[in-house]
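Data block for model_17.pdb (PDB, C-alpha atoms):
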ATOM      1  CA  MET A   1     -34.433  22.428 -37.484
ATOM      2  CA  SER A   2     -37.743  20.804 -36.582
ATOM      3  CA  ALA A   3     -38.959  20.927 -32.987
ATOM      4  CA  GLU A   4     -39.773  17.209 -32.908
ATOM      5  CA  GLY A   5     -36.213  16.014 -33.663
ATOM      6  CA  VAL A   6     -34.158  14.113 -31.086
ATOM      7  CA  VAL A   7     -31.459  16.098 -29.269
ATOM      8  CA  LEU A   8     -28.407  14.435 -27.697
ATOM      9  CA  VAL A   9     -26.580  16.235 -24.884
ATOM     10  CA  THR A  10     -23.139  15.052 -23.715
ATOM     11  CA  GLY A  11     -22.033  16.072 -20.227
ATOM     12  CA  ALA A  12     -25.744  16.192 -19.434
ATOM     13  CA  ALA A  13     -25.427  15.577 -15.684
ATOM     14  CA  GLY A  14     -22.994  18.462 -15.310
ATOM     15  CA  PHE A  15     -23.713  21.958 -14.085
ATOM     16  CA  ILE A  16     -24.426  23.548 -17.493
ATOM     17  CA  GLY A  17     -25.589  20.362 -19.226
ATOM     18  CA  SER A  18     -28.363  19.674 -16.724
ATOM     19  CA  HIS A  19     -29.750  23.210 -17.063
ATOM     20  CA  LEU A  20     -29.661  22.776 -20.847
ATOM     21  CA  CYS A  21     -31.600  19.492 -20.605
ATOM     22  CA  ASP A  22     -34.263  21.234 -18.493
ATOM     23  CA  ARG A  23     -34.610  23.992 -21.096
ATOM     24  CA  LEU A  24     -34.875  21.574 -24.043
ATOM     25  CA  LEU A  25     -37.442  19.389 -22.291
ATOM     26  CA  ALA A  26     -39.509  22.437 -21.310
ATOM     27  CA  GLU A  27     -39.610  23.271 -25.037
ATOM     28  CA  GLY A  28     -40.980  19.796 -25.785
ATOM     29  CA  ARG A  29     -37.792  18.270 -27.208
ATOM     30  CA  ARG A  30     -36.905  14.589 -26.842
ATOM     31  CA  VAL A  31     -33.542  14.501 -25.036
ATOM     32  CA  ILE A  32     -30.912  11.753 -24.912
ATOM     33  CA  ALA A  33     -28.568  12.593 -22.036
ATOM     34  CA  VAL A  34     -25.037  11.147 -22.047
ATOM     35  CA  ASP A  35     -22.717  11.377 -19.029
ATOM     36  CA  ASP A  36     -20.164   9.048 -17.402
ATOM     37  CA  LEU A  37     -20.805  10.727 -13.999
ATOM     38  CA  SER A  38     -17.082  11.271 -13.438
ATOM     39  CA  SER A  39     -17.889  14.853 -12.449
ATOM     40  CA  GLY A  40     -21.599  15.212 -13.250
ATOM     41  CA  ARG A  41     -24.234  14.311 -10.668
ATOM     42  CA  ILE A  42     -27.385  12.312 -11.273
ATOM     43  CA  ALA A  43     -29.136  14.610  -8.765
ATOM     44  CA  ASN A  44     -28.718  17.451 -11.276
ATOM     45  CA  LEU A  45     -31.126  15.586 -13.583
ATOM     46  CA  ALA A  46     -34.001  15.308 -11.090
ATOM     47  CA  GLU A  47     -36.145  17.796 -13.018
ATOM     48  CA  ALA A  48     -35.238  16.279 -16.391
ATOM     49  CA  ARG A  49     -36.212  12.785 -15.214
ATOM     50  CA  SER A  50     -39.687  14.038 -14.323
ATOM     51  CA  TYR A  51     -40.413  14.365 -18.070
ATOM     52  CA  GLY A  52     -40.757  10.580 -18.413
ATOM     53  CA  LYS A  53     -40.397   9.170 -21.926
ATOM     54  CA  LEU A  54     -39.170  12.483 -23.349
ATOM     55  CA  PHE A  55     -35.928  11.956 -21.403
ATOM     56  CA  THR A  56     -33.413   9.103 -21.648
ATOM     57  CA  PHE A  57     -30.203   8.903 -19.618
ATOM     58  CA  GLU A  58     -27.186   6.893 -20.843
ATOM     59  CA  ASN A  59     -24.269   6.360 -18.437
ATOM     60  CA  LEU A  60     -21.526   6.483 -21.046
ATOM     61  CA  ASP A  61     -18.056   7.931 -21.642
ATOM     62  CA  VAL A  62     -17.879   9.970 -24.871
ATOM     63  CA  ARG A  63     -14.743   7.993 -25.808
ATOM     64  CA  SER A  64     -16.680   4.720 -25.722
ATOM     65  CA  GLU A  65     -16.838   2.385 -28.727
ATOM     66  CA  VAL A  66     -20.543   2.017 -27.926
ATOM     67  CA  LEU A  67     -21.281   5.659 -28.785
ATOM     68  CA  PRO A  68     -21.940   5.038 -32.534
ATOM     69  CA  ALA A  69     -24.531   2.392 -31.594
ATOM     70  CA  LEU A  70     -26.281   4.984 -29.434
ATOM     71  CA  PHE A  71     -26.425   7.353 -32.415
ATOM     72  CA  ASP A  72     -27.696   4.501 -34.589
ATOM     73  CA  ARG A  73     -30.492   3.788 -32.096
ATOM     74  CA  HIS A  74     -31.673   7.366 -31.505
ATOM     75  CA  ARG A  75     -30.598   9.229 -34.701
ATOM     76  CA  PRO A  76     -30.187  12.637 -33.024
ATOM     77  CA  GLN A  77     -30.895  15.600 -35.251
ATOM     78  CA  LEU A  78     -28.861  17.919 -33.031
ATOM     79  CA  VAL A  79     -25.944  17.277 -30.655
ATOM     80  CA  TYR A  80     -24.832  19.544 -27.820
ATOM     81  CA  HIS A  81     -21.285  18.483 -26.900
ATOM     82  CA  LEU A  82     -20.499  19.685 -23.384
ATOM     83  CA  ALA A  83     -18.701  16.621 -21.967
ATOM     84  CA  ALA A  84     -15.086  17.421 -21.096
ATOM     85  CA  GLN A  85     -12.237  17.129 -18.675
ATOM     86  CA  SER A  86     -12.885  20.670 -17.522
ATOM     87  CA  GLY A  87     -10.106  21.366 -15.032
ATOM     88  CA  VAL A  88      -7.136  23.578 -15.863
ATOM     89  CA  ARG A  89      -4.983  22.176 -13.052
ATOM     90  CA  PRO A  90      -5.726  18.498 -13.840
ATOM     91  CA  SER A  91      -4.730  19.188 -17.455
ATOM     92  CA  LEU A  92      -1.329  20.434 -16.259
ATOM     93  CA  GLU A  93      -0.901  17.315 -14.111
ATOM     94  CA  ASP A  94      -2.080  14.863 -16.785
ATOM     95  CA  PRO A  95      -2.085  16.311 -20.317
ATOM     96  CA  LEU A  96      -2.631  12.837 -21.802
ATOM     97  CA  HIS A  97      -5.905  12.289 -19.957
ATOM     98  CA  ASP A  98      -7.025  15.801 -20.903
ATOM     99  CA  ALA A  99      -6.351  15.124 -24.598
ATOM    100  CA  ARG A 100      -8.008  11.699 -24.507
ATOM    101  CA  VAL A 101     -11.260  13.145 -23.167
ATOM    102  CA  ASN A 102     -11.316  16.565 -24.847
ATOM    103  CA  VAL A 103      -9.800  15.721 -28.230
ATOM    104  CA  LEU A 104     -10.409  11.998 -28.808
ATOM    105  CA  GLY A 105     -13.796  12.232 -27.084
ATOM    106  CA  ALA A 106     -14.793  15.129 -29.347
ATOM    107  CA  ILE A 107     -13.648  13.243 -32.464
ATOM    108  CA  ASN A 108     -15.656  10.186 -31.376
ATOM    109  CA  VAL A 109     -18.774  12.361 -31.042
ATOM    110  CA  LEU A 110     -18.167  14.088 -34.392
ATOM    111  CA  GLU A 111     -17.531  10.788 -36.203
ATOM    112  CA  ALA A 112     -20.751   9.303 -34.840
ATOM    113  CA  ALA A 113     -22.698  12.464 -35.701
ATOM    114  CA  ALA A 114     -21.308  12.619 -39.251
ATOM    115  CA  ARG A 115     -22.024   8.932 -39.916
ATOM    116  CA  HIS A 116     -25.593   9.075 -38.624
ATOM    117  CA  ASP A 117     -26.801  12.168 -40.483
ATOM    118  CA  THR A 118     -26.868  14.528 -37.506
ATOM    119  CA  GLU A 119     -27.549  18.019 -38.830
ATOM    120  CA  LYS A 120     -25.535  20.055 -36.357
ATOM    121  CA  VAL A 121     -23.200  19.979 -33.354
ATOM    122  CA  VAL A 122     -23.177  22.871 -30.858
ATOM    123  CA  TYR A 123     -19.898  22.768 -28.935
ATOM    124  CA  ALA A 124     -18.967  24.221 -25.554
ATOM    125  CA  ALA A 125     -15.601  25.895 -26.155
ATOM    126  CA  SER A 126     -13.680  27.782 -23.467
ATOM    127  CA  GLY A 127     -13.462  31.547 -23.848
ATOM    128  CA  GLY A 128     -11.303  31.747 -20.744
ATOM    129  CA  THR A 129      -8.515  29.527 -22.101
ATOM    130  CA  ILE A 130      -8.423  29.213 -25.909
ATOM    131  CA  TYR A 131      -7.199  32.793 -26.422
ATOM    132  CA  GLY A 132      -4.215  32.478 -24.078
ATOM    133  CA  GLU A 133      -3.119  35.843 -22.673
ATOM    134  CA  PRO A 134      -5.143  38.282 -24.822
ATOM    135  CA  ARG A 135      -3.432  41.416 -26.167
ATOM    136  CA  ARG A 136      -6.630  43.470 -26.234
ATOM    137  CA  LEU A 137      -9.749  43.323 -24.081
ATOM    138  CA  PRO A 138     -12.517  42.513 -24.510
ATOM    139  CA  VAL A 139     -11.094  39.805 -26.797
ATOM    140  CA  LYS A 140     -12.763  39.145 -30.144
ATOM    141  CA  GLU A 141     -13.174  35.706 -31.751
ATOM    142  CA  THR A 142     -10.648  36.623 -34.466
ATOM    143  CA  ALA A 143      -7.922  36.384 -31.788
ATOM    144  CA  ALA A 144      -8.368  32.597 -31.632
ATOM    145  CA  SER A 145      -6.263  32.022 -34.767
ATOM    146  CA  SER A 146      -3.201  33.660 -33.200
ATOM    147  CA  GLY A 147      -3.949  32.775 -29.562
ATOM    148  CA  ARG A 148      -1.532  30.540 -27.661
ATOM    149  CA  PRO A 149      -3.366  28.710 -24.847
ATOM    150  CA  LEU A 150      -1.417  28.586 -21.581
ATOM    151  CA  THR A 151      -2.565  25.082 -20.565
ATOM    152  CA  PRO A 152      -3.224  21.653 -22.109
ATOM    153  CA  TYR A 153      -6.912  22.222 -21.348
ATOM    154  CA  GLY A 154      -6.941  25.391 -23.465
ATOM    155  CA  VAL A 155      -5.039  23.610 -26.247
ATOM    156  CA  SER A 156      -7.481  20.685 -26.274
ATOM    157  CA  LYS A 157     -10.537  22.957 -26.407
ATOM    158  CA  LYS A 158      -8.990  24.973 -29.243
ATOM    159  CA  VAL A 159      -8.053  21.850 -31.225
ATOM    160  CA  ALA A 160     -11.650  20.614 -30.980
ATOM    161  CA  VAL A 161     -12.804  23.782 -32.773
ATOM    162  CA  ASP A 162     -10.385  22.981 -35.615
ATOM    163  CA  TYR A 163     -11.944  19.506 -35.857
ATOM    164  CA  LEU A 164     -15.403  21.087 -36.059
ATOM    165  CA  HIS A 165     -14.245  23.086 -39.090
ATOM    166  CA  TYR A 166     -12.823  19.911 -40.640
ATOM    167  CA  TYR A 167     -16.058  17.934 -40.193
ATOM    168  CA  GLN A 168     -18.128  20.794 -41.558
ATOM    169  CA  ARG A 169     -16.000  21.067 -44.683
ATOM    170  CA  PHE A 170     -15.446  17.394 -45.445
ATOM    171  CA  ALA A 171     -18.435  15.652 -43.864
ATOM    172  CA  GLY A 172     -21.128  18.335 -44.189
ATOM    173  CA  LEU A 173     -21.697  18.443 -40.411
ATOM    174  CA  ASP A 174     -22.789  21.932 -39.398
ATOM    175  CA  PHE A 175     -21.570  23.421 -36.099
ATOM    176  CA  THR A 176     -21.530  26.404 -33.801
ATOM    177  CA  ALA A 177     -18.847  26.666 -31.108
ATOM    178  CA  LEU A 178     -19.665  28.825 -28.094
ATOM    179  CA  ALA A 179     -16.612  30.236 -26.293
ATOM    180  CA  LEU A 180     -17.977  30.549 -22.780
ATOM    181  CA  GLY A 181     -16.824  32.998 -20.144
ATOM    182  CA  ASN A 182     -16.622  31.901 -16.482
ATOM    183  CA  VAL A 183     -20.050  30.346 -16.052
ATOM    184  CA  TYR A 184     -21.599  30.346 -12.564
ATOM    185  CA  GLY A 185     -24.978  29.620 -11.017
ATOM    186  CA  PRO A 186     -27.112  27.028  -9.199
ATOM    187  CA  ARG A 187     -25.857  23.390  -9.296
ATOM    188  CA  GLN A 188     -22.222  24.360  -9.749
ATOM    189  CA  GLY A 189     -20.247  22.226  -7.315
ATOM    190  CA  PRO A 190     -17.553  23.778  -5.114
ATOM    191  CA  ALA A 191     -15.319  20.829  -6.053
ATOM    192  CA  ALA A 192     -14.996  22.212  -9.580
ATOM    193  CA  GLU A 193     -11.933  24.442  -9.691
ATOM    194  CA  ALA A 194     -13.458  26.706 -12.347
ATOM    195  CA  GLY A 195     -16.348  27.391  -9.984
ATOM    196  CA  VAL A 196     -14.808  30.115  -7.864
ATOM    197  CA  VAL A 197     -18.280  31.500  -7.084
ATOM    198  CA  ALA A 198     -19.411  28.123  -5.719
ATOM    199  CA  ILE A 199     -16.108  27.621  -3.867
ATOM    200  CA  PHE A 200     -16.228  31.042  -2.190
ATOM    201  CA  ALA A 201     -19.946  30.832  -1.377
ATOM    202  CA  ALA A 202     -19.738  27.321   0.106
ATOM    203  CA  ALA A 203     -16.814  28.303   2.334
ATOM    204  CA  MET A 204     -18.394  31.552   3.538
ATOM    205  CA  MET A 205     -21.733  29.876   4.275
ATOM    206  CA  ALA A 206     -19.851  27.312   6.384
ATOM    207  CA  GLY A 207     -18.171  30.163   8.270
ATOM    208  CA  GLU A 208     -14.779  29.432   6.723
ATOM    209  CA  ALA A 209     -12.428  31.862   4.970
ATOM    210  CA  PRO A 210     -11.969  31.128   1.243
ATOM    211  CA  THR A 211      -8.495  31.330  -0.323
ATOM    212  CA  ILE A 212      -7.647  34.006  -2.863
ATOM    213  CA  PHE A 213      -4.703  32.955  -5.012
ATOM    214  CA  GLY A 214      -2.202  35.611  -6.077
ATOM    215  CA  ASP A 215      -3.016  39.258  -5.354
ATOM    216  CA  GLY A 216      -6.694  38.806  -6.290
ATOM    217  CA  ASN A 217      -6.521  41.510  -8.953
ATOM    218  CA  GLN A 218      -6.719  38.963 -11.768
ATOM    219  CA  THR A 219      -9.990  39.388 -13.669
ATOM    220  CA  ARG A 220     -12.560  37.066 -15.200
ATOM    221  CA  ASP A 221     -15.732  37.484 -17.233
ATOM    222  CA  TYR A 222     -18.526  35.922 -15.130
ATOM    223  CA  ILE A 223     -21.672  34.844 -16.994
ATOM    224  CA  PHE A 224     -24.831  33.394 -15.407
ATOM    225  CA  VAL A 225     -25.841  29.864 -16.400
ATOM    226  CA  ASP A 226     -29.366  30.810 -17.591
ATOM    227  CA  ASP A 227     -27.881  33.310 -20.051
ATOM    228  CA  VAL A 228     -25.507  30.611 -21.338
ATOM    229  CA  VAL A 229     -28.290  28.049 -21.772
ATOM    230  CA  HIS A 230     -30.270  30.605 -23.781
ATOM    231  CA  ALA A 231     -27.265  30.990 -26.109
ATOM    232  CA  PHE A 232     -27.111  27.210 -26.580
ATOM    233  CA  ALA A 233     -30.820  27.148 -27.438
ATOM    234  CA  LEU A 234     -30.403  29.922 -30.023
ATOM    235  CA  ALA A 235     -27.328  28.219 -31.547
ATOM    236  CA  ALA A 236     -29.484  25.260 -32.659
ATOM    237  CA  GLU A 237     -30.671  27.388 -35.582
ATOM    238  CA  ARG A 238     -28.038  30.110 -35.895
ATOM    239  CA  GLY A 239     -24.318  30.849 -35.976
ATOM    240  CA  SER A 240     -23.419  28.258 -38.603
ATOM    241  CA  GLY A 241     -19.671  27.564 -38.780
ATOM    242  CA  ARG A 242     -18.801  30.236 -36.232
ATOM    243  CA  LEU A 243     -16.884  30.462 -32.990
ATOM    244  CA  ILE A 244     -18.936  32.858 -30.831
ATOM    245  CA  ASN A 245     -18.132  34.381 -27.436
ATOM    246  CA  ILE A 246     -20.809  34.007 -24.778
ATOM    247  CA  ALA A 247     -19.921  36.387 -21.966
ATOM    248  CA  THR A 248     -20.582  39.877 -20.593
ATOM    249  CA  GLY A 249     -17.531  41.737 -21.898
ATOM    250  CA  LEU A 250     -16.915  42.955 -18.326
ATOM    251  CA  GLU A 251     -13.893  42.286 -16.140
ATOM    252  CA  THR A 252     -14.465  41.450 -12.478
ATOM    253  CA  SER A 253     -11.507  40.944 -10.172
ATOM    254  CA  VAL A 254     -11.398  38.025  -7.741
ATOM    255  CA  ASN A 255     -11.149  40.555  -4.887
ATOM    256  CA  HIS A 256     -14.319  42.338  -6.034
ATOM    257  CA  LEU A 257     -16.139  39.022  -6.437
ATOM    258  CA  TYR A 258     -15.114  38.092  -2.888
ATOM    259  CA  ARG A 259     -16.472  41.365  -1.498
ATOM    260  CA  MET A 260     -19.781  41.001  -3.360
ATOM    261  CA  LEU A 261     -20.336  37.463  -2.074
ATOM    262  CA  ALA A 262     -19.309  38.404   1.479
ATOM    263  CA  GLU A 263     -21.903  41.195   1.472
ATOM    264  CA  ILE A 264     -24.697  38.923   0.145
ATOM    265  CA  ILE A 265     -23.896  36.173   2.660
ATOM    266  CA  GLY A 266     -23.026  38.455   5.570
ATOM    267  CA  PHE A 267     -19.520  37.071   5.955
ATOM    268  CA  ALA A 268     -17.189  39.373   7.886
ATOM    269  CA  GLY A 269     -13.973  37.335   7.774
ATOM    270  CA  GLN A 270     -10.822  38.019   5.784
ATOM    271  CA  PRO A 271      -9.722  35.681   2.978
ATOM    272  CA  GLU A 272      -6.740  33.357   3.155
ATOM    273  CA  THR A 273      -4.071  33.882   0.494
ATOM    274  CA  GLY A 274      -2.044  31.466  -1.596
ATOM    275  CA  PRO A 275       0.338  31.420  -4.577
ATOM    276  CA  LEU A 276      -1.162  31.880  -8.039
ATOM    277  CA  PRO A 277      -1.274  28.519  -9.879
ATOM    278  CA  PRO A 278       0.462  28.236 -13.287
ATOM    279  CA  GLY A 279      -1.496  28.661 -16.511
ATOM    280  CA  GLU A 280      -3.787  31.416 -15.234
ATOM    281  CA  PRO A 281      -4.316  34.377 -17.590
ATOM    282  CA  ARG A 282      -4.006  37.728 -15.812
ATOM    283  CA  ARG A 283      -7.088  39.329 -17.339
ATOM    284  CA  THR A 284     -10.088  37.998 -19.241
ATOM    285  CA  ALA A 285     -13.099  39.639 -20.852
ATOM    286  CA  LEU A 286     -14.837  38.478 -24.026
ATOM    287  CA  ASP A 287     -16.428  40.692 -26.668
ATOM    288  CA  HIS A 288     -20.019  39.519 -27.324
ATOM    289  CA  ALA A 289     -20.838  41.671 -30.375
ATOM    290  CA  LEU A 290     -20.762  38.630 -32.677
ATOM    291  CA  ALA A 291     -23.256  36.808 -30.430
ATOM    292  CA  GLU A 292     -25.656  39.735 -30.821
ATOM    293  CA  LYS A 293     -25.208  39.689 -34.602
ATOM    294  CA  GLU A 294     -25.244  35.938 -35.239
ATOM    295  CA  LEU A 295     -27.495  34.612 -32.472
ATOM    296  CA  GLY A 296     -29.530  37.628 -31.425
ATOM    297  CA  TRP A 297     -28.119  37.024 -27.933
ATOM    298  CA  LYS A 298     -26.852  39.269 -25.200
ATOM    299  CA  PRO A 299     -26.325  38.787 -21.471
ATOM    300  CA  TRP A 300     -29.166  40.003 -19.267
ATOM    301  CA  THR A 301     -28.339  38.821 -15.736
ATOM    302  CA  HIS A 302     -26.427  41.372 -13.645
ATOM    303  CA  LEU A 303     -23.647  39.839 -11.562
ATOM    304  CA  GLU A 304     -25.253  40.946  -8.263
ATOM    305  CA  ASP A 305     -28.536  39.249  -9.183
ATOM    306  CA  GLY A 306     -26.870  36.068 -10.411
ATOM    307  CA  LEU A 307     -24.721  35.804  -7.285
ATOM    308  CA  ALA A 308     -27.776  36.308  -5.048
ATOM    309  CA  GLU A 309     -29.642  33.531  -6.912
ATOM    310  CA  THR A 310     -26.623  31.218  -6.628
ATOM    311  CA  VAL A 311     -26.296  31.841  -2.897
ATOM    312  CA  ALA A 312     -30.057  31.251  -2.429
ATOM    313  CA  TYR A 313     -29.661  27.870  -4.138
TER     314      TYR A 313
END

Before we go any further, please render this structure as structure tokens.
Amino acid sequence: MSAEGVVLVTGAAGFIGSHLCDRLLAEGRRVIAVDDLSSGRIANLAEARSYGKLFTFENLDVRSEVLPALFDRHRPQLVYHLAAQSGVRPSLEDPLHDARVNVLGAINVLEAAARHDTEKVVYAASGGTIYGEPRRLPVKETAASSGRPLTPYGVSKKVAVDYLHYYQRFAGLDFTALALGNVYGPRQGPAAEAGVVAIFAAAMMAGEAPTIFGDGNQTRDYIFVDDVVHAFALAAERGSGRLINIATGLETSVNHLYRMLAEIIGFAGQPETGPLPPGEPRRTALDHALAEKELGWKPWTHLEDGLAETVAY
């Protein structure tokens, strides 16, 4: 894929999307950023906007009928599709809205890409939800075929991967789907429910006790945003037709995460407790052997270092 081609990023004003835009622009790519700003923040694109004519921002919902015209105007060679309704709890409260954004939005992007000769779509899948409650940890990508997601959000993200396979087979649109662990890092807003690191850190820095839901022994696979963005960059050229886990393969309990952040921040208080919300898997860790093989990728940021950088931000 040539370096001079246009790249379109959906969800560009979001936490991960904005970091991805910065990386692409630093590499000299021309970037078309699409975001409806329902959860993304224009402030996240401050660095991207400093690149002048290399960067174009379009305030647009991925479900919009105007999207094909945008593809017609810019003819992107590569599409990174990160835009999503990304909350597990909102998907339980409103499965219809979740499906409209995550399924119909994805189809709208894939249709436009297929009709305008886009070479490839790199998709942000959810390693924390598409596998359901895994039988073995760390979970391998092969478990996706038998996995039963516990929430409408997980279902919608899994269905989108099936559509990617369909468009590759019948429309010749190449793809790589990255099943992300629990991504954390600078720019993640504490309002985002997936951002437990940001939620805990913001509360502690304000002198308030964060809430741990359940017994706190539930585990997640926390992966730093810079490592994730590197995987997206590599997937432009590699991993054709594959679902690939992007994570550390390590389990970290919510209790341990709390203690690590409290030590970094110097917070001496005790956490509040609350009931565990529905749809939460008990344990999560993702095997990243396929990422090493297909992308030449592996995680390099230790959790302590990533948390310290996030707190500093």

*Once the PyMOL selection byres ((chain A and resi 21) around 12) has been applied to the shown file, what residues remain in the selection, as a ChimeraX atom specification?*
/A:7-20,22-34,44-51,54-57,79-80,82,226,229-230,232-233

Serialized selection, C-alpha atoms, as a compact mmCIF listing (two decimals), in the coordinates of the input:
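Final file, result.txt:
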# COMPACT_ATOMS: atom_id res chain seq x y z
CA VAL A 7 -31.46 16.10 -29.27
CA LEU A 8 -28.41 14.44 -27.70
CA VAL A 9 -26.58 16.24 -24.88
CA THR A 10 -23.14 15.05 -23.72
CA GLY A 11 -22.03 16.07 -20.23
CA ALA A 12 -25.74 16.19 -19.43
CA ALA A 13 -25.43 15.58 -15.68
CA GLY A 14 -22.99 18.46 -15.31
CA PHE A 15 -23.71 21.96 -14.08
CA ILE A 16 -24.43 23.55 -17.49
CA GLY A 17 -25.59 20.36 -19.23
CA SER A 18 -28.36 19.67 -16.72
CA HIS A 19 -29.75 23.21 -17.06
CA LEU A 20 -29.66 22.78 -20.85
CA ASP A 22 -34.26 21.23 -18.49
CA ARG A 23 -34.61 23.99 -21.10
CA LEU A 24 -34.88 21.57 -24.04
CA LEU A 25 -37.44 19.39 -22.29
CA ALA A 26 -39.51 22.44 -21.31
CA GLU A 27 -39.61 23.27 -25.04
CA GLY A 28 -40.98 19.80 -25.78
CA ARG A 29 -37.79 18.27 -27.21
CA ARG A 30 -36.90 14.59 -26.84
CA VAL A 31 -33.54 14.50 -25.04
CA ILE A 32 -30.91 11.75 -24.91
CA ALA A 33 -28.57 12.59 -22.04
CA VAL A 34 -25.04 11.15 -22.05
CA ASN A 44 -28.72 17.45 -11.28
CA LEU A 45 -31.13 15.59 -13.58
CA ALA A 46 -34.00 15.31 -11.09
CA GLU A 47 -36.15 17.80 -13.02
CA ALA A 48 -35.24 16.28 -16.39
CA ARG A 49 -36.21 12.78 -15.21
CA SER A 50 -39.69 14.04 -14.32
CA TYR A 51 -40.41 14.36 -18.07
CA LEU A 54 -39.17 12.48 -23.35
CA PHE A 55 -35.93 11.96 -21.40
CA THR A 56 -33.41 9.10 -21.65
CA PHE A 57 -30.20 8.90 -19.62
CA VAL A 79 -25.94 17.28 -30.66
CA TYR A 80 -24.83 19.54 -27.82
CA LEU A 82 -20.50 19.68 -23.38
CA ASP A 226 -29.37 30.81 -17.59
CA VAL A 229 -28.29 28.05 -21.77
CA HIS A 230 -30.27 30.60 -23.78
CA PHE A 232 -27.11 27.21 -26.58
CA ALA A 233 -30.82 27.15 -27.44

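Our summary of the geometry notes that CA of Leu303 in chain A is positioned 29.3 Å from CA of Pro152 in chain A.
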
_Quick check, in Å to one decimal: how far apart do CA of Val88 in chain A and CA of Gly132 in chain A lie?_
12.5 Å

*Rounded to one decimal in Å, what is the spacing between CA of Thr211 in chain A and CA of Gly274 in chain A?*
6.6 Å

_Translate the PyMOL selection byres ((chain A and resi 133-139) around 8) into a concrete residue list for this structure, as a count of residues only._
18

*Check which residues satisfy the PyMOL selection byres ((chain A and resi 208) around 12) in the file shown, then give them as a count of residues only.*
19

Please determine an axis-aligned box that encloses all atoms of range 31-34 of chain A listed in the file, with 5 Å added on each side, and express its centre and edge lengths in Å to one decimal as JSON.
{"center_x": -29.3, "center_y": 12.8, "center_z": -23.5, "size_x": 18.5, "size_y": 13.4, "size_z": 13.0}

_My list of candidates is A:Arg242, A:Glu304, A:Ser86, A:Ala291. Which is closest to Glu263 in chain A when distances are computed with only C-alpha atoms?_
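Among the listed residues, A:Glu304 lies closest to Glu263 in chain A.
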
*Pick the closest to Pro277 in chain A from A:Phe213, A:Tyr153, A:Phe175, A:Tyr163: which is it, counting only C-alpha atoms?*
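Nearest to Pro277 in chain A: A:Phe213.
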
*Using only C-alpha atoms, which residues sit within 7 Å of range 105-111 of chain A once same-chain residues fewer than 4 positions away are excluded, as a ChimeraX atom specification?*
/A:62-63,100-101,115,160

*Please identify all polymer residues within 7 Å of Asp174 in chain A, counting only C-alpha atoms, omitting same-chain residues fewer than 5 positions from it, and present them as a list in words.*
Glu119, Lys120, Val121, Gln168, Ser240 and Gly241 of chain A

I need the residues from that last selection saved to file as a PDB file, keeping the file's coordinate frame (with C-alpha atoms), if you can.
ATOM      1  CA  GLU A 119     -27.549  18.019 -38.830  1.00  0.00           C
ATOM      2  CA  LYS A 120     -25.535  20.055 -36.357  1.00  0.00           C
ATOM      3  CA  VAL A 121     -23.200  19.979 -33.354  1.00  0.00           C
ATOM      4  CA  GLN A 168     -18.128  20.794 -41.558  1.00  0.00           C
ATOM      5  CA  SER A 240     -23.419  28.258 -38.603  1.00  0.00           C
ATOM      6  CA  GLY A 241     -19.671  27.564 -38.780  1.00  0.00           C
TER       7      GLY A 241
END

*Do you know which residues are at most 12 Å from Asp72 in chain A counting all atoms listed in the file, after dropping those on the same chain fewer than 6 positions away, and could you put them as a list in words?*
Val66, Ala112, Ala113, Ala114, Arg115, His116, Asp117 and Thr118 of chain A

*Residue nearest Thr310 in chain A - candidates A:Arg187, A:His288, A:Arg73, A:His165, atoms counted: all atoms listed in the file*: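 Among the listed residues, A:Arg187 lies closest to Thr310 in chain A.
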